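Structure first, then comments.
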Amino acid sequence: MKRRHFPLILLVVLVLMLGTGRTVVAKGIFGGSDFINSPTNRVIPSGGYTLGAHIAEDRRGRIQLDYGLVTDFELGAAIDLSRKDHEFSVRFKYQFIPETQKNFGLALGIQDIGKDRFSPYVVFGHVLAPHHLRWNFGLGGGELGGLFFGISKVFYPDEFPQVTLVGEYDAYSLNLGAKILLKKGILLNVAVIDMQDFLVGLTISN
């Protein structure tokens with residue numbers, strides 16, 4: 001019962017917090033279980049990690065580490081780098097309802113907890129088999145700012161590496177991207193943010 005009390009209390013807190021905060025995009029930027037900016041209902045397995053480094057056209061960079069702390073619970077930290085200053089933030093996600101082959105999954109979390117930031121969210125999603133098409137739909141507060149949604153599809157071409165194409169609306173803008181499997185555990189990520197700003201980076205996972 002103790003395990004169930006925590007997410008129920010968290011859900012109440014999240015609902016109370018939804019809709020508050022400034023209207024600035026909370027950054028996901030290809031986190032271990034994210035689309036591009038928007039979170040999904042997935043979490044990193046216990047003991048797993050992803051380490052990502054990305055840079056945008058304006059030379060702003062982001063280094064992010066996400067870790068599966070325990071079953072159904074993911075914890076992360078990031079540093080946003082720019083010429084003028086650097087900003088540190090943390091995040092977490094709890095998988096309240098695990099996804100199954102027939103039913104969608106549901107996750108609760110807070111994204112980009114840092115200076116003047118607090119962005120709770122609820123997100124649910126599922127994979128449409130056998131098409132490898134994932135959809136997610138969520139509601140965020142604070143800097144996530146409302147409804148967000150996205151889809152992704154995995155392609156397995158014979159002549160090229162595995163590619164996952166992603167499209168999302170992050171509550172503020174439309175973003176398109178691709179995750180290209182260079183080798184096991186290494187992804188090349190490319191994206192166009194707000195349909196105009198190019199971003200590229202690498203993600204390493206165990």
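All residue names refer to the structure tokens as shown: chains lettered A, B, ... in order, residues numbered from 1 in each chain, ligands numbered from 1 in order.
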DSSP strand (DSSP E) residues within region 18-201 of chain A, as number ranges by chain: A: 49-56, 61-70, 73-81, 86-97, 105-113, 119-128, 133-140, 146-155, 163-169, 174-183, 186-193, 197-201
Residues of region 85-134 of chain A that have any atom at most 10 Å from an atom of region 156-179 of chain A: could you tabulate them with the shortest-distance atom pair and the distance in Å to one decimal, using only C-alpha atoms, ordered by chain and increasing number, as CSV?
```
residue,atom,partner,partner_atom,distance
A:His132,CA,A:Thr164,CA,9.5
A:Leu133,CA,A:Thr164,CA,9.6
A:Arg134,CA,A:Val166,CA,9.3
```
Please, could you write that set of residues out with N, CA and C atoms as a PDB file, in the first residue's frame?
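Here's the written file out32.pdb:
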```pdb
ATOM      1  N   HIS A 132       5.025  -0.241 -35.064  1.00  0.00           N
ATOM      2  CA  HIS A 132       6.077   0.466 -34.326  1.00  0.00           C
ATOM      3  C   HIS A 132       5.792   1.963 -34.260  1.00  0.00           C
ATOM      4  N   LEU A 133       4.511   2.316 -34.157  1.00  0.00           N
ATOM      5  CA  LEU A 133       4.087   3.713 -34.087  1.00  0.00           C
ATOM      6  C   LEU A 133       3.695   4.040 -32.650  1.00  0.00           C
ATOM      7  N   ARG A 134       4.449   4.935 -32.032  1.00  0.00           N
ATOM      8  CA  ARG A 134       4.173   5.330 -30.649  1.00  0.00           C
ATOM      9  C   ARG A 134       3.470   6.677 -30.622  1.00  0.00           C
TER      10      ARG A 134
END
```
From a backbone DSSP assignment, name each residue in chain A labelled helix (DSSP H, G or I), as a PDB file with N, CA and C atoms, in the first residue's frame.
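Wrote it out as part.pdb, contents follow:
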```pdb
ATOM      1  N   LYS A   2       2.004   1.205   0.654  1.00  0.00           N
ATOM      2  CA  LYS A   2       2.852   2.389   0.715  1.00  0.00           C
ATOM      3  C   LYS A   2       3.248   2.843  -0.676  1.00  0.00           C
ATOM      4  N   ARG A   3       3.516   1.874  -1.556  1.00  0.00           N
ATOM      5  CA  ARG A   3       3.948   2.212  -2.915  1.00  0.00           C
ATOM      6  C   ARG A   3       2.848   2.959  -3.669  1.00  0.00           C
ATOM      7  N   ARG A   4       1.572   2.677  -3.340  1.00  0.00           N
ATOM      8  CA  ARG A   4       0.467   3.320  -4.021  1.00  0.00           C
ATOM      9  C   ARG A   4       0.153   4.692  -3.432  1.00  0.00           C
ATOM     10  N   HIS A   5       0.446   4.896  -2.163  1.00  0.00           N
ATOM     11  CA  HIS A   5       0.160   6.189  -1.544  1.00  0.00           C
ATOM     12  C   HIS A   5       0.978   7.301  -2.179  1.00  0.00           C
ATOM     13  N   PHE A   6       2.240   7.039  -2.480  1.00  0.00           N
ATOM     14  CA  PHE A   6       3.117   8.067  -3.036  1.00  0.00           C
ATOM     15  C   PHE A   6       2.607   8.640  -4.347  1.00  0.00           C
ATOM     16  N   PRO A   7       2.297   7.817  -5.365  1.00  0.00           N
ATOM     17  CA  PRO A   7       1.821   8.396  -6.621  1.00  0.00           C
ATOM     18  C   PRO A   7       0.474   9.096  -6.500  1.00  0.00           C
ATOM     19  N   LEU A   8      -0.403   8.628  -5.599  1.00  0.00           N
ATOM     20  CA  LEU A   8      -1.696   9.284  -5.437  1.00  0.00           C
ATOM     21  C   LEU A   8      -1.525  10.686  -4.861  1.00  0.00           C
ATOM     22  N   ILE A   9      -0.653  10.815  -3.875  1.00  0.00           N
ATOM     23  CA  ILE A   9      -0.363  12.128  -3.301  1.00  0.00           C
ATOM     24  C   ILE A   9       0.282  13.022  -4.355  1.00  0.00           C
ATOM     25  N   LEU A  10       1.217  12.446  -5.123  1.00  0.00           N
ATOM     26  CA  LEU A  10       1.894  13.207  -6.170  1.00  0.00           C
ATOM     27  C   LEU A  10       0.906  13.685  -7.221  1.00  0.00           C
ATOM     28  N   LEU A  11      -0.045  12.824  -7.587  1.00  0.00           N
ATOM     29  CA  LEU A  11      -1.038  13.202  -8.583  1.00  0.00           C
ATOM     30  C   LEU A  11      -1.852  14.397  -8.109  1.00  0.00           C
ATOM     31  N   VAL A  12      -2.240  14.398  -6.837  1.00  0.00           N
ATOM     32  CA  VAL A  12      -2.992  15.527  -6.295  1.00  0.00           C
ATOM     33  C   VAL A  12      -2.175  16.815  -6.377  1.00  0.00           C
ATOM     34  N   VAL A  13      -0.899  16.713  -6.013  1.00  0.00           N
ATOM     35  CA  VAL A  13      -0.020  17.885  -6.075  1.00  0.00           C
ATOM     36  C   VAL A  13       0.111  18.391  -7.506  1.00  0.00           C
ATOM     37  N   LEU A  14       0.281  17.478  -8.452  1.00  0.00           N
ATOM     38  CA  LEU A  14       0.432  17.867  -9.843  1.00  0.00           C
ATOM     39  C   LEU A  14      -0.813  18.564 -10.369  1.00  0.00           C
ATOM     40  N   VAL A  15      -1.964  18.020 -10.050  1.00  0.00           N
ATOM     41  CA  VAL A  15      -3.204  18.635 -10.517  1.00  0.00           C
ATOM     42  C   VAL A  15      -3.348  20.050  -9.967  1.00  0.00           C
ATOM     43  N   LEU A  16      -2.979  20.236  -8.706  1.00  0.00           N
ATOM     44  CA  LEU A  16      -3.059  21.559  -8.097  1.00  0.00           C
ATOM     45  C   LEU A  16      -2.085  22.543  -8.742  1.00  0.00           C
ATOM     46  N   MET A  17      -0.959  22.011  -9.233  1.00  0.00           N
ATOM     47  CA  MET A  17       0.064  22.876  -9.812  1.00  0.00           C
ATOM     48  C   MET A  17      -0.159  23.162 -11.283  1.00  0.00           C
TER      49      MET A  17
END
```
Which residues come within 12 Å of Lys184 (chain A), counting only C-alpha atoms, excluding same-chain residues fewer than 3 positions away, as JSON, numbers by chain? {"A": [161, 162, 180, 181, 187, 188, 203, 204, 205, 206]}
Requested write-out: C-alpha atoms of the selected residues, as a short mmCIF file (atom, residue, chain, number, x, y, z; two decimals), in the first residue's frame:
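Written output follows (selection-v4.cif):
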```cif
data_model
loop_
_atom_site.label_atom_id
_atom_site.label_comp_id
_atom_site.auth_asym_id
_atom_site.auth_seq_id
_atom_site.Cartn_x
_atom_site.Cartn_y
_atom_site.Cartn_z
CA PRO A 161 20.88 2.01 -39.51
CA GLN A 162 17.67 1.88 -37.50
CA ILE A 180 19.66 7.33 -35.74
CA LEU A 181 21.23 4.21 -34.23
CA LEU A 187 22.20 7.45 -31.03
CA LEU A 188 22.72 10.43 -33.32
CA THR A 203 22.96 10.03 -26.68
CA ILE A 204 24.84 7.15 -25.03
CA SER A 205 23.02 4.49 -23.02
CA ASN A 206 23.82 1.16 -21.37
#
```
re CA of Ala56 (chain A) and CA of Leu139 (chain A): distance 26.2 Å
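The nearest approach to Phe35 (chain A) among the residues A:Ile151, A:Ile186, A:Leu199, A:Val192, with only C-alpha atoms taken into account, belongs to A:Ile151.
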Listing only residues of region 94-196 of chain A within 10 Å of region 78-86 of chain A, what is the closest atom pair and its distance in Å (to one decimal) for each, using only C-alpha atoms, sorted by chain and residue number ascending, as CSV?
```
residue,atom,partner,partner_atom,distance
A:Asp112,CA,A:Ala78,CA,8.1
A:Ile113,CA,A:Ala78,CA,9.8
A:Gly114,CA,A:Ala78,CA,9.6
```
